[in-house]
>>> print(open('target-v1.txt').read())   # compact mmCIF, C-alpha atoms and all ligand atoms
# COMPACT_ATOMS: atom_id res chain seq x y z
CA MET A 239 0.00 0.00 0.00
CA SER A 240 1.39 3.42 -0.93
CA GLU A 241 1.99 6.01 1.79
CA ARG A 242 -0.80 8.43 2.56
CA TYR A 243 0.24 12.07 2.88
CA ALA A 244 -1.96 15.04 3.79
CA ASN A 245 -1.52 17.78 1.20
CA ILE A 246 -2.85 21.31 1.73
CA VAL A 247 -5.29 21.81 -1.14
CA GLY A 248 -7.44 24.68 0.08
CA TRP A 249 -7.02 27.75 2.22
CA GLY A 250 -9.09 30.68 3.37
CA LYS A 251 -9.06 33.47 5.88
CA TYR A 252 -11.38 35.93 7.50
CA THR A 253 -10.13 39.16 8.99
CA PRO A 254 -12.73 41.59 10.36
CA GLU A 255 -13.11 44.94 8.66
CA GLN A 256 -12.73 47.14 11.71
CA VAL A 257 -9.13 48.27 12.22
CA LEU A 258 -7.83 49.25 15.66
CA THR A 259 -4.66 51.26 15.20
CA ASN A 260 -1.95 52.12 17.69
CA ALA A 261 -3.23 55.70 17.50
CA ASP A 262 -6.68 54.46 18.60
CA LEU A 263 -5.07 52.69 21.56
CA GLU A 264 -3.22 55.89 22.49
CA ARG A 265 -6.66 57.29 23.23
CA LEU A 266 -7.58 54.33 25.47
CA VAL A 267 -4.47 53.71 27.57
CA GLU A 268 -1.16 55.37 28.32
CA THR A 269 0.87 54.07 25.41
CA SER A 270 2.36 55.23 22.12
CA ASP A 271 2.63 54.02 18.56
CA GLU A 272 6.39 54.21 18.96
CA TRP A 273 6.42 51.96 22.09
CA ILE A 274 4.08 49.38 20.60
CA PHE A 275 5.83 49.18 17.23
CA LYS A 276 9.33 49.10 18.70
CA ARG A 277 8.53 46.40 21.29
CA THR A 278 6.17 44.23 19.23
CA GLY A 279 6.19 45.15 15.52
CA ILE A 280 2.42 45.83 15.61
CA ARG A 281 0.88 48.85 13.84
CA GLU A 282 -2.77 47.80 13.85
CA ARG A 283 -5.07 44.84 14.47
CA ARG A 284 -8.59 43.78 13.38
CA ILE A 285 -11.54 43.68 15.77
CA VAL A 286 -14.86 41.95 15.08
CA SER A 287 -18.14 43.84 15.03
CA PRO A 288 -20.43 43.36 18.06
CA THR A 289 -22.71 41.11 16.00
CA GLU A 290 -19.97 38.69 14.90
CA ASN A 291 -18.81 35.66 16.86
CA THR A 292 -15.98 33.17 16.66
CA SER A 293 -18.11 30.73 14.68
CA ASP A 294 -18.90 33.39 12.04
CA MET A 295 -15.20 33.99 11.38
CA ALA A 296 -14.43 30.26 11.33
CA ILE A 297 -17.28 29.57 8.88
CA ALA A 298 -16.20 32.38 6.51
CA ALA A 299 -12.58 31.14 6.42
CA ALA A 300 -13.73 27.53 6.02
CA ARG A 301 -16.02 28.35 3.09
CA ASP A 302 -13.12 29.91 1.20
CA ALA A 303 -10.84 26.96 1.97
CA LEU A 304 -13.46 24.46 0.77
CA ALA A 305 -14.08 26.48 -2.42
CA ILE A 306 -10.38 26.58 -3.27
CA ALA A 307 -10.02 22.89 -2.46
CA ASP A 308 -13.13 22.16 -4.54
CA VAL A 309 -14.28 19.86 -1.76
CA ARG A 310 -17.91 19.74 -0.65
CA ALA A 311 -18.47 20.13 3.07
CA ARG A 312 -20.32 16.82 3.18
CA ASP A 313 -17.28 15.06 1.69
CA LEU A 314 -15.12 16.03 4.65
CA GLY A 315 -14.03 13.26 6.99
CA LEU A 316 -13.35 15.51 9.97
CA ILE A 317 -13.40 19.13 11.11
CA ILE A 318 -10.96 20.41 13.74
CA VAL A 319 -11.31 23.93 15.11
CA ALA A 320 -8.38 25.28 17.13
CA THR A 321 -9.42 28.11 19.42
CA SER A 322 -9.29 29.37 23.00
CA SER A 323 -12.19 31.75 22.48
CA PRO A 324 -15.25 29.74 21.40
CA ASP A 325 -18.78 31.16 21.20
CA TYR A 326 -19.74 29.06 24.25
CA LEU A 327 -17.99 26.87 26.79
CA THR A 328 -20.35 24.22 25.48
CA PRO A 329 -21.49 23.25 22.82
CA PRO A 330 -18.16 23.06 21.01
CA VAL A 331 -17.79 25.68 18.32
CA SER A 332 -16.68 22.91 15.96
CA SER A 333 -20.25 21.54 15.88
CA GLN A 334 -21.63 25.01 15.11
CA VAL A 335 -19.18 25.25 12.20
CA GLN A 336 -19.98 21.70 10.99
CA HIS A 337 -23.71 22.46 10.95
CA ALA A 338 -23.38 25.85 9.24
CA LEU A 339 -21.18 24.39 6.50
CA GLY A 340 -23.69 21.65 5.78
CA ALA A 341 -21.16 18.97 6.66
CA ARG A 342 -23.90 16.57 7.64
CA ASP A 343 -22.88 14.01 10.30
CA VAL A 344 -19.18 14.83 9.85
CA GLY A 345 -17.13 14.43 13.03
CA ALA A 346 -15.95 17.70 14.54
CA PHE A 347 -14.04 18.71 17.61
CA THR A 348 -12.47 21.78 19.15
CA LEU A 349 -8.83 21.71 20.11
CA VAL A 350 -7.43 24.08 22.75
CA ALA A 351 -3.68 24.65 22.77
CA GLY A 352 -3.43 28.45 22.96
CA CYS A 353 -1.58 30.08 20.12
CA ALA A 354 -0.04 26.71 19.23
CA GLY A 355 -3.54 25.31 18.54
CA PHE A 356 -3.44 25.47 14.74
CA VAL A 357 -0.17 23.56 14.46
CA TYR A 358 -1.46 20.98 16.98
CA ALA A 359 -4.63 20.65 14.89
CA LEU A 360 -2.73 20.34 11.61
CA THR A 361 -0.59 17.56 13.04
CA THR A 362 -3.68 15.78 14.38
CA ALA A 363 -5.44 16.06 11.01
CA GLN A 364 -2.41 14.64 9.24
CA GLN A 365 -2.57 11.55 11.48
CA TYR A 366 -6.21 10.89 10.55
CA ILE A 367 -5.31 11.04 6.86
CA ALA A 368 -2.09 9.03 7.15
CA ASN A 369 -3.89 6.28 9.07
CA GLY A 370 -6.54 5.95 6.38
CA VAL A 371 -9.41 7.17 8.57
CA CYS A 372 -10.20 10.27 6.45
CA ASP A 373 -9.41 11.59 2.96
CA ASN A 374 -10.31 15.26 3.54
CA VAL A 375 -9.95 17.17 6.80
CA LEU A 376 -10.83 20.81 7.45
CA VAL A 377 -8.56 22.54 9.97
CA ILE A 378 -9.46 25.97 11.28
CA GLY A 379 -7.55 28.34 13.57
CA VAL A 380 -9.83 31.08 14.90
CA GLU A 381 -9.66 33.56 17.72
CA LEU A 382 -11.79 36.36 19.08
CA LEU A 383 -9.66 37.55 21.95
CA SER A 384 -10.88 41.15 21.83
CA ARG A 385 -13.87 40.01 23.95
CA PHE A 386 -11.47 38.78 26.65
CA VAL A 387 -9.01 41.65 26.62
CA ASP A 388 -9.06 44.32 29.29
CA TYR A 389 -8.83 47.58 27.35
CA THR A 390 -7.53 49.35 30.44
CA ASP A 391 -4.50 47.03 30.68
CA ARG A 392 -1.85 48.44 28.36
CA SER A 393 0.40 45.39 28.72
CA THR A 394 -2.13 43.11 26.97
CA CYS A 395 -4.60 45.23 25.01
CA VAL A 396 -2.03 46.42 22.49
CA LEU A 397 -1.15 42.86 21.46
CA PHE A 398 -4.24 40.95 20.38
CA GLY A 399 -6.48 40.98 17.31
CA ASP A 400 -9.29 38.83 15.90
CA GLY A 401 -9.40 36.60 12.83
CA ALA A 402 -9.60 33.13 11.34
CA GLY A 403 -7.69 30.97 8.89
CA ALA A 404 -8.51 27.55 7.51
CA VAL A 405 -6.97 24.84 5.38
CA VAL A 406 -8.26 21.67 3.75
CA LEU A 407 -5.91 18.71 3.94
CA GLN A 408 -6.39 16.00 1.33
CA VAL A 409 -4.87 12.58 0.94
CA SER A 410 -2.01 12.44 -1.57
CA ASN A 411 0.49 9.78 -2.65
CA GLU A 412 3.22 12.36 -3.09
CA PRO A 413 5.30 13.35 -0.04
CA ALA A 414 3.29 16.38 1.07
CA GLY A 415 1.71 18.12 4.01
CA VAL A 416 3.15 17.73 7.49
CA LEU A 417 6.53 16.02 7.02
CA SER A 418 7.50 16.38 10.69
CA SER A 419 6.16 17.96 13.83
CA VAL A 420 7.20 18.81 17.37
CA LEU A 421 4.59 19.36 20.07
CA GLY A 422 5.49 20.55 23.56
CA SER A 423 3.99 21.78 26.77
CA ASP A 424 5.24 23.10 30.11
CA GLY A 425 2.36 23.65 32.51
CA SER A 426 4.69 25.01 35.20
CA GLY A 427 4.33 28.37 33.45
CA ALA A 428 0.52 28.26 33.31
CA GLU A 429 -0.04 31.38 35.39
CA HIS A 430 2.01 33.53 33.02
CA LEU A 431 -0.80 33.58 30.47
CA ILE A 432 -4.22 32.91 31.92
CA LEU A 433 -7.89 33.74 31.75
CA PRO A 434 -8.70 32.90 35.37
CA GLY A 435 -12.49 33.22 35.40
CA GLY A 436 -15.28 31.23 33.77
CA GLY A 437 -13.92 27.69 34.24
CA THR A 438 -14.38 25.30 37.16
CA ALA A 439 -11.69 27.00 39.26
CA ASN A 440 -13.48 30.34 39.25
CA PRO A 441 -16.99 29.94 37.92
CA PRO A 442 -18.65 33.23 37.05
CA THR A 443 -19.98 35.13 40.05
CA HIS A 444 -20.40 38.82 40.84
CA GLU A 445 -17.08 38.60 42.72
CA THR A 446 -15.12 37.13 39.80
CA ILE A 447 -16.48 39.88 37.58
CA ASP A 448 -15.64 42.58 40.14
CA GLN A 449 -12.13 41.14 40.40
CA GLY A 450 -11.73 41.26 36.60
CA LEU A 451 -11.04 37.52 36.38
CA HIS A 452 -12.75 37.20 32.99
CA THR A 453 -10.03 38.96 31.04
CA LEU A 454 -6.62 37.75 29.91
CA LYS A 455 -3.74 38.19 32.36
CA MET A 456 -0.23 37.96 31.06
CA ASN A 457 3.23 38.20 32.46
CA GLY A 458 4.64 39.36 29.13
CA ASN A 459 8.22 39.26 30.25
CA GLN A 460 8.03 35.60 31.33
CA VAL A 461 6.21 34.59 28.14
CA PHE A 462 8.81 36.45 26.12
CA ARG A 463 11.66 34.62 27.86
CA PHE A 464 9.95 31.25 27.48
CA ALA A 465 9.31 31.85 23.77
CA SER A 466 12.85 33.04 23.11
CA ARG A 467 14.19 29.91 24.85
CA ILE A 468 11.93 27.36 23.22
CA ILE A 469 10.96 28.19 19.67
CA GLY A 470 14.37 28.37 18.04
CA LYS A 471 15.12 24.92 19.45
CA ALA A 472 11.74 23.51 18.38
CA LEU A 473 12.30 24.87 14.90
CA ARG A 474 15.76 23.33 14.59
CA GLN A 475 14.43 20.02 15.92
CA VAL A 476 11.49 19.86 13.51
CA ILE A 477 13.68 20.66 10.48
CA GLN A 478 16.15 17.94 11.50
CA GLN A 479 13.31 15.47 12.03
CA ALA A 480 12.19 16.08 8.45
CA GLY A 481 15.73 15.16 7.35
CA LEU A 482 16.27 18.73 6.08
CA THR A 483 18.44 21.75 6.83
CA SER A 484 17.34 25.38 7.11
CA ASP A 485 18.50 25.89 3.50
CA ASP A 486 15.75 23.49 2.38
CA ILE A 487 13.03 25.65 3.91
CA ASP A 488 11.53 28.05 1.36
CA LEU A 489 9.43 30.08 3.78
CA PHE A 490 9.28 30.39 7.56
CA ILE A 491 5.76 31.20 8.77
CA PRO A 492 5.94 31.85 12.51
CA HIS A 493 3.22 32.62 15.02
CA GLN A 494 2.89 36.40 14.87
CA ALA A 495 3.21 37.38 18.54
CA ASN A 496 6.22 39.65 18.65
CA LEU A 497 8.61 40.66 15.88
CA ARG A 498 11.61 40.46 18.19
CA ILE A 499 10.77 36.84 19.10
CA ILE A 500 10.30 35.95 15.41
CA GLU A 501 13.62 37.50 14.46
CA SER A 502 15.52 35.76 17.25
CA ALA A 503 14.07 32.35 16.28
CA ALA A 504 14.93 32.98 12.62
CA LYS A 505 18.46 33.96 13.58
CA TYR A 506 18.85 30.84 15.74
CA VAL A 507 18.26 28.55 12.75
CA GLY A 508 19.85 30.87 10.20
CA PHE A 509 16.89 32.02 8.10
CA PRO A 510 17.64 35.16 6.07
CA GLU A 511 15.09 37.99 6.25
CA GLU A 512 13.56 37.18 2.86
CA LYS A 513 12.56 33.72 4.07
CA ILE A 514 10.45 35.03 6.95
CA PHE A 515 6.76 35.81 6.49
CA ILE A 516 5.58 38.68 8.65
CA ASN A 517 2.15 40.28 8.90
CA ILE A 518 2.08 41.09 12.62
CA ASP A 519 2.16 44.80 11.73
CA ARG A 520 -1.39 44.52 10.30
CA TYR A 521 -3.06 41.92 12.50
CA GLY A 522 -1.26 41.82 15.85
CA ASN A 523 -1.40 38.51 17.67
CA THR A 524 -4.43 36.53 16.50
CA SER A 525 -3.36 33.50 18.56
CA ALA A 526 -4.47 30.19 16.95
CA ALA A 527 -5.45 32.09 13.79
CA SER A 528 -2.10 33.74 13.24
CA ILE A 529 -0.28 30.99 11.30
CA PRO A 530 -3.22 30.09 9.01
CA ILE A 531 -3.90 33.78 8.25
CA ALA A 532 -0.20 34.25 7.43
CA LEU A 533 -0.20 31.07 5.33
CA VAL A 534 -3.18 32.25 3.29
CA GLU A 535 -1.53 35.62 2.70
CA ALA A 536 1.69 33.87 1.70
CA PHE A 537 -0.25 31.86 -0.92
CA GLU A 538 -2.14 34.95 -2.11
CA GLN A 539 1.10 36.92 -2.51
CA GLY A 540 2.88 34.06 -4.27
CA ARG A 541 5.42 33.79 -1.46
CA ALA A 542 4.30 30.21 -0.82
CA LYS A 543 3.63 28.01 -3.82
CA VAL A 544 3.45 24.47 -5.07
CA GLY A 545 6.71 22.67 -4.44
CA ASP A 546 7.66 24.81 -1.44
CA THR A 547 8.68 23.53 1.95
CA LEU A 548 7.38 25.65 4.80
CA ALA A 549 8.27 25.79 8.49
CA PHE A 550 5.73 26.76 11.15
CA VAL A 551 6.41 27.48 14.80
CA ALA A 552 4.02 28.70 17.50
CA PHE A 553 3.94 29.17 21.27
CA GLY A 554 1.43 30.39 23.78
CA ALA A 555 -0.81 29.65 26.74
CA GLY A 556 -0.12 26.41 28.58
CA LEU A 557 2.61 27.23 28.23
CA SER A 558 2.78 25.24 25.01
CA TRP A 559 4.52 25.18 21.68
CA ALA A 560 4.36 23.42 18.31
CA ALA A 561 6.40 23.35 15.13
CA ALA A 562 5.89 21.66 11.78
CA VAL A 563 7.58 21.30 8.42
CA VAL A 564 4.99 21.28 5.65
CA LYS A 565 5.47 20.53 1.96
CA VAL A 566 3.01 21.92 -0.57
CA ALA A 567 2.61 19.36 -3.35
CA GLU A 568 0.85 19.73 -6.66
CA ARG A 569 -2.89 19.27 -6.41
CA VAL A 570 -4.63 16.58 -8.32
CA LYS A 571 -7.21 19.13 -9.51
CA PRO A 572 -6.14 22.62 -10.64
CA ILE A 573 -6.93 25.48 -8.30
CA PRO A 574 -10.10 27.34 -9.34
CA PHE A 575 -8.61 30.66 -10.44
CA LEU A 576 -11.67 32.84 -10.11
CA HIS A 577 -13.50 31.46 -7.17
CA SER A 578 -15.92 33.96 -5.67
CA ARG A 579 -14.32 35.68 -2.68
CA ARG A 580 -15.93 36.28 0.68
CA LYS A 581 -18.28 39.15 1.37
CA THR A 582 -21.01 37.62 -0.78
CA PRO A 583 -23.41 36.12 1.73
CA ALA A 584 -23.89 32.40 1.20
CA TRP A 585 -27.60 32.76 0.40
CA ILE A 586 -26.85 35.21 -2.41
CA SER A 587 -24.19 32.91 -3.85
CA ALA A 588 -26.59 30.01 -3.73
CA PHE A 589 -29.12 31.84 -5.90
CA ASN A 590 -26.67 33.70 -8.12
CA PRO A 591 -26.82 32.02 -11.55
CA LEU A 592 -23.53 33.69 -12.57
CA ASN A 593 -21.76 31.81 -9.84
CA THR A 594 -22.69 28.43 -11.16
CA VAL A 595 -23.24 29.12 -14.86
CA VAL A 596 -20.36 31.46 -15.69
CA VAL A 597 -17.88 31.96 -12.90
CA LYS A 598 -17.32 28.36 -11.90
CA PRO A 599 -16.68 26.93 -15.39
CA LEU A 600 -14.63 30.02 -16.30
CA GLY A 601 -12.66 29.57 -13.08
CA THR A 602 -12.02 25.93 -13.94
CA VAL A 603 -10.84 26.80 -17.48
CA LEU A 604 -8.51 29.51 -16.16
CA GLY A 605 -7.38 27.14 -13.43
CA LEU A 606 -6.48 24.52 -16.07
CA LEU A 607 -4.62 27.17 -18.09
CA GLN A 608 -2.79 28.30 -14.96
CA ALA A 609 -1.81 24.71 -14.11
CA GLY A 610 -0.60 24.21 -17.71
CA ILE A 611 1.52 27.36 -17.59
CA GLN A 612 2.97 26.28 -14.24
CA ARG A 613 3.92 22.89 -15.70
CA LEU A 614 5.49 24.48 -18.81
CA THR A 615 7.46 26.93 -16.66
CA SER A 616 8.83 24.18 -14.45
CA TRP A 617 9.68 22.08 -17.57
CA PHE A 618 11.66 25.03 -19.03
CA ARG A 619 13.39 25.63 -15.71
CA ARG A 620 14.36 21.96 -15.45
CA ASN A 621 15.70 21.92 -19.01
CA GLN A 622 17.64 25.14 -18.58
CA SER A 623 19.60 23.88 -15.56
N1 LIG A 701 2.84 51.10 26.31
C1 LIG A 701 3.79 51.75 27.01
N2 LIG A 701 4.49 51.18 28.01
C2 LIG A 701 4.17 49.91 28.33
C3 LIG A 701 3.18 49.19 27.65
C4 LIG A 701 2.50 49.84 26.61
N3 LIG A 701 1.53 49.24 25.88
N4 LIG A 701 3.12 47.95 28.19
C5 LIG A 701 4.02 47.89 29.15
N5 LIG A 701 4.68 49.07 29.24
C6 LIG A 701 5.74 49.46 30.16
C7 LIG A 701 5.78 48.60 31.38
O1 LIG A 701 4.88 49.10 32.35
C8 LIG A 701 7.22 48.76 31.80
O2 LIG A 701 7.36 50.00 32.46
P1 LIG A 701 8.35 50.12 33.75
O3 LIG A 701 9.70 49.78 33.22
O4 LIG A 701 8.17 51.53 34.15
O5 LIG A 701 7.82 49.10 34.72
C9 LIG A 701 7.97 48.88 30.49
O6 LIG A 701 6.99 49.25 29.51
C10 LIG A 701 8.66 47.61 30.05
O7 LIG A 701 7.73 46.55 30.20
P2 LIG A 701 8.10 45.07 29.84
O8 LIG A 701 6.93 44.18 30.11
O9 LIG A 701 9.43 44.70 30.42
O10 LIG A 701 8.28 45.24 28.27
P3 LIG A 701 8.78 44.17 27.24
O11 LIG A 701 9.92 44.69 26.48
O12 LIG A 701 8.90 42.80 27.85
O13 LIG A 701 7.57 44.11 26.22
C11 LIG A 701 5.68 42.74 25.71
C12 LIG A 701 6.28 43.71 26.68
C13 LIG A 701 5.55 43.39 24.37
C14 LIG A 701 4.32 42.30 26.20
C15 LIG A 701 6.62 41.51 25.58
O14 LIG A 701 6.96 41.07 26.87
C16 LIG A 701 6.03 40.38 24.83
O15 LIG A 701 5.75 40.50 23.65
N6 LIG A 701 5.89 39.22 25.49
C17 LIG A 701 5.38 38.05 24.84
C18 LIG A 701 3.90 38.10 24.84
C19 LIG A 701 3.35 37.07 23.94
O16 LIG A 701 3.91 36.72 22.93
N7 LIG A 701 2.19 36.53 24.28
C20 LIG A 701 1.59 35.64 23.37
C21 LIG A 701 1.09 34.49 23.97
S1 LIG A 701 -0.16 34.06 22.91
C22 LIG A 701 -1.49 33.20 23.51
O17 LIG A 701 -1.45 32.01 23.70
C23 LIG A 701 -2.77 33.98 23.71
>>> encode(input="target-v1.txt", output="structure tokens", more="lines below")
Ligand code: ACO
Amino acid sequence: MSERYANIVGWGKYTPEQVLTNADLERLVETSDEWIFKRTGIRERRIVSPTENTSDMAIAAARDALAIADVRARDLGLIIVATSSPDYLTPPVSSQVQHALGARDVGAFTLVAGCAGFVYALTTAQQYIANGVCDNVLVIGVELLSRFVDYTDRSTCVLFGDGAGAVVLQVSNEPAGVLSSVLGSDGSGAEHLILPGGGTANPPTHETIDQGLHTLKMNGNQVFRFASRIIGKALRQVIQQAGLTSDDIDLFIPHQANLRIIESAAKYVGFPEEKIFINIDRYGNTSAASIPIALVEAFEQGRAKVGDTLAFVAFGAGLSWAAAVVKVAERVKPIPFLHSRRKTPAWISAFNPLNTVVVKPLGTVLGLLQAGIQRLTSWFRRNQS
């Protein structure tokens, strides 16, 4: 039996429209654009509207990922949603997403591993595909931390933003998807990044609300030290495990928490600046959503493409961390070139004849052309060298 790999064949993101700039924060707390940018690399972040929830962002990102993958929701084998900020403590947000997508009876679960959640989920999904349990798995990283941030606490409120990113993993015979992964956890540092209220330790009462226990508390300095110590090593380990060196990595897509942490990890393994993908300036720290949002942007900008080997590394609450080396292999089906982007509500798309009659076939034709051009280009490149 040939090996089963889990190739990334679809990707999508959702970033709310409302932008919260450093200048806006200057009006809320005693801080400055200069301090925030110099210490973190953040210029602005996105914040959801009061009517949007975590599930809405996850569903929007997932719809795009399924459209690009050309996979119907009901053909999924599993849905994993990585988040620390679900709509409700129960039911799991994964079931809300499964239902909204029309993924009838498809298994779904929510995975909580702080900012490392997406890489944990990706690794888990890969196992289901490799073991022959599923052929298509939807993995979503989503976070709505703005509802848990204390906008009077300058040490946390400048950092976090909202958003979602999703990928579809599909079985492939070619070496693809997660080639190696490293997962780690050190609960001795749990109190350094904690939302103390709302769980069994401090169920919600008037007192817990008065004490402000329902917002994120962070000892930034300790988290910074932990991250600087751990992620360079995890990165080196995961690259070695894949049987590669840092030269073999085409693009490093780190968790976007702090530019200084990213740069020190990149330096530790010897990645030049041009191999690092950074978008923290525009989104801040979107926790479990940060790597998938960055991955989608890397695809959209052509910085990540078929044939590339990518390295992910993330760290966060737990404390926990995760790293993965991911290869993007050629898809069996060409990527629909003109698939309709978000913003069109699903019910409009469903009744829009253009979508089915013109755009989809046109998208497929252009997709085939694009795939043909890609093949010709790689043939010429191979024959030139
Ligand atoms: N504006 C102005 N001054 C500030 C601000 C602010 N927004 N925040 C803190 N300061 C002050 C502090 O009060 C302190 O003042 P003092 O010296 O008078 O006491 C000074 O700036 C230095 O504070 P530090 O905390 O030492 O600053 P540091 O350089 O460590 O930067 C930061 C703080 C940015 C939070 C950094 O520690 C960091 O990024 N840590 C990692 C956080 C992180 O990545 N968390 C992600 C986990 S993700 C998850 O799972 C949800």
>>> closest_residue(input="target-v1.txt", among="A:Ile280, A:Val319, A:Ala562, A:Met456", to="A:Leu263", atoms="all atoms listed in the file")
A:Ile280
>>> closest_atom_pairs(input="target-v1.txt", of="chain A", to="ligand LIG 701 (chain A)", cutoff="6 Å", atoms="all atoms listed in the file", output="Markdown table")
| residue | atom | partner | partner_atom | distance |
| --- | --- | --- | --- | --- |
| A:Thr269 | CA | A:LIG701 | N1 | 3.7 |
| A:Ser270 | CA | A:LIG701 | N1 | 5.9 |
| A:Trp273 | CA | A:LIG701 | C1 | 5.6 |
| A:Ile274 | CA | A:LIG701 | N3 | 5.9 |
| A:Arg277 | CA | A:LIG701 | C13 | 5.2 |
| A:Thr278 | CA | A:LIG701 | C13 | 5.2 |
| A:Gly352 | CA | A:LIG701 | O17 | 4.1 |
| A:Cys353 | CA | A:LIG701 | O17 | 4.1 |
| A:Arg392 | CA | A:LIG701 | N3 | 4.3 |
| A:Ser393 | CA | A:LIG701 | N4 | 3.8 |
| A:Val396 | CA | A:LIG701 | N3 | 5.7 |
| A:Gly458 | CA | A:LIG701 | O14 | 3.7 |
| A:Asn459 | CA | A:LIG701 | O14 | 4.0 |
| A:Val461 | CA | A:LIG701 | C17 | 4.9 |
| A:Phe462 | CA | A:LIG701 | C17 | 4.0 |
| A:Ala495 | CA | A:LIG701 | O16 | 4.5 |
| A:Asn496 | CA | A:LIG701 | O15 | 5.1 |
| A:Ser525 | CA | A:LIG701 | C23 | 5.2 |
| A:Gly554 | CA | A:LIG701 | O17 | 3.3 |
| A:Ala555 | CA | A:LIG701 | O17 | 3.9 |
>>> write_last_selection(input="target-v1.txt", atoms="C-alpha atoms", output="PDB file, in the frame of the given file")
ATOM      1  CA  THR A 269       0.870  54.070  25.410  1.00  0.00           C
ATOM      2  CA  SER A 270       2.360  55.230  22.120  1.00  0.00           C
ATOM      3  CA  TRP A 273       6.420  51.960  22.090  1.00  0.00           C
ATOM      4  CA  ILE A 274       4.080  49.380  20.600  1.00  0.00           C
ATOM      5  CA  ARG A 277       8.530  46.400  21.290  1.00  0.00           C
ATOM      6  CA  THR A 278       6.170  44.230  19.230  1.00  0.00           C
ATOM      7  CA  GLY A 352      -3.430  28.450  22.960  1.00  0.00           C
ATOM      8  CA  CYS A 353      -1.580  30.080  20.120  1.00  0.00           C
ATOM      9  CA  ARG A 392      -1.850  48.440  28.360  1.00  0.00           C
ATOM     10  CA  SER A 393       0.400  45.390  28.720  1.00  0.00           C
ATOM     11  CA  VAL A 396      -2.030  46.420  22.490  1.00  0.00           C
ATOM     12  CA  GLY A 458       4.640  39.360  29.130  1.00  0.00           C
ATOM     13  CA  ASN A 459       8.220  39.260  30.250  1.00  0.00           C
ATOM     14  CA  VAL A 461       6.210  34.590  28.140  1.00  0.00           C
ATOM     15  CA  PHE A 462       8.810  36.450  26.120  1.00  0.00           C
ATOM     16  CA  ALA A 495       3.210  37.380  18.540  1.00  0.00           C
ATOM     17  CA  ASN A 496       6.220  39.650  18.650  1.00  0.00           C
ATOM     18  CA  SER A 525      -3.360  33.500  18.560  1.00  0.00           C
ATOM     19  CA  GLY A 554       1.430  30.390  23.780  1.00  0.00           C
ATOM     20  CA  ALA A 555      -0.810  29.650  26.740  1.00  0.00           C
TER      21      ALA A 555
END
>>> residues_around(input="target-v1.txt", residues="A:Ala311", least_positions_apart="2", cutoff="8 Å", atoms="all atoms listed in the file", output="number ranges by chain")
A: 304, 309, 313-314, 339-342
>>> axis_aligned_box(input="target-v1.txt", around="stretch 268-282 of chain A", padding_each_side="3 Å", output="AutoDock Vina command-line options")
--center_x 3.3 --center_y 49.8 --center_z 21.1 --size_x 18.1 --size_y 17.1 --size_z 20.5
>>> closest_residue(input="target-v1.txt", among="A:Ala503, A:Ala368, A:Ala532, A:Leu497", to="A:Gly403", atoms="all atoms listed in the file")
A:Ala532
>>> closest_residue(input="target-v1.txt", among="A:Gly436, A:Gly401, A:Gly427, A:Pro442", to="A:Val286", atoms="only C-alpha atoms")
A:Gly401
>>> residues_around(input="target-v1.txt", residues="A:Leu407", least_positions_apart="3", cutoff="12 Å", atoms="all atoms listed in the file", output="PyMOL selection string")
chain A and resi 242-249+300+303-304+306-309+314-318+359-368+372-378+404+410+414-416+564-567+569
>>> residues_around(input="target-v1.txt", residues="A:Thr253", least_positions_apart="2", cutoff="9 Å", atoms="only C-alpha atoms", output="PyMOL selection string")
chain A and resi 251+255-256+284-286+295+299+400-403+521+531
>>> closest_residue(input="target-v1.txt", among="A:Val387, A:Ile514, A:Val350, A:Val420", to="A:Gly399", atoms="all atoms listed in the file")
A:Val387
>>> closest_residue(input="target-v1.txt", among="A:Leu451, A:Val357, A:Val563, A:Tyr389", to="A:Gln475", atoms="all atoms listed in the file")
A:Val563
>>> atom_distance(input="target-v1.txt", atom1="atom CA of A:Arg265", atom2="atom CA of A:Cys395")
12.4 Å
>>> atom_distance(input="target-v1.txt", atom1="atom CA of A:Asn440", atom2="atom CA of A:Leu383")
19.1 Å
>>> atom_distance(input="target-v1.txt", atom1="atom CA of A:Thr292", atom2="atom CA of A:Val380")
6.7 Å
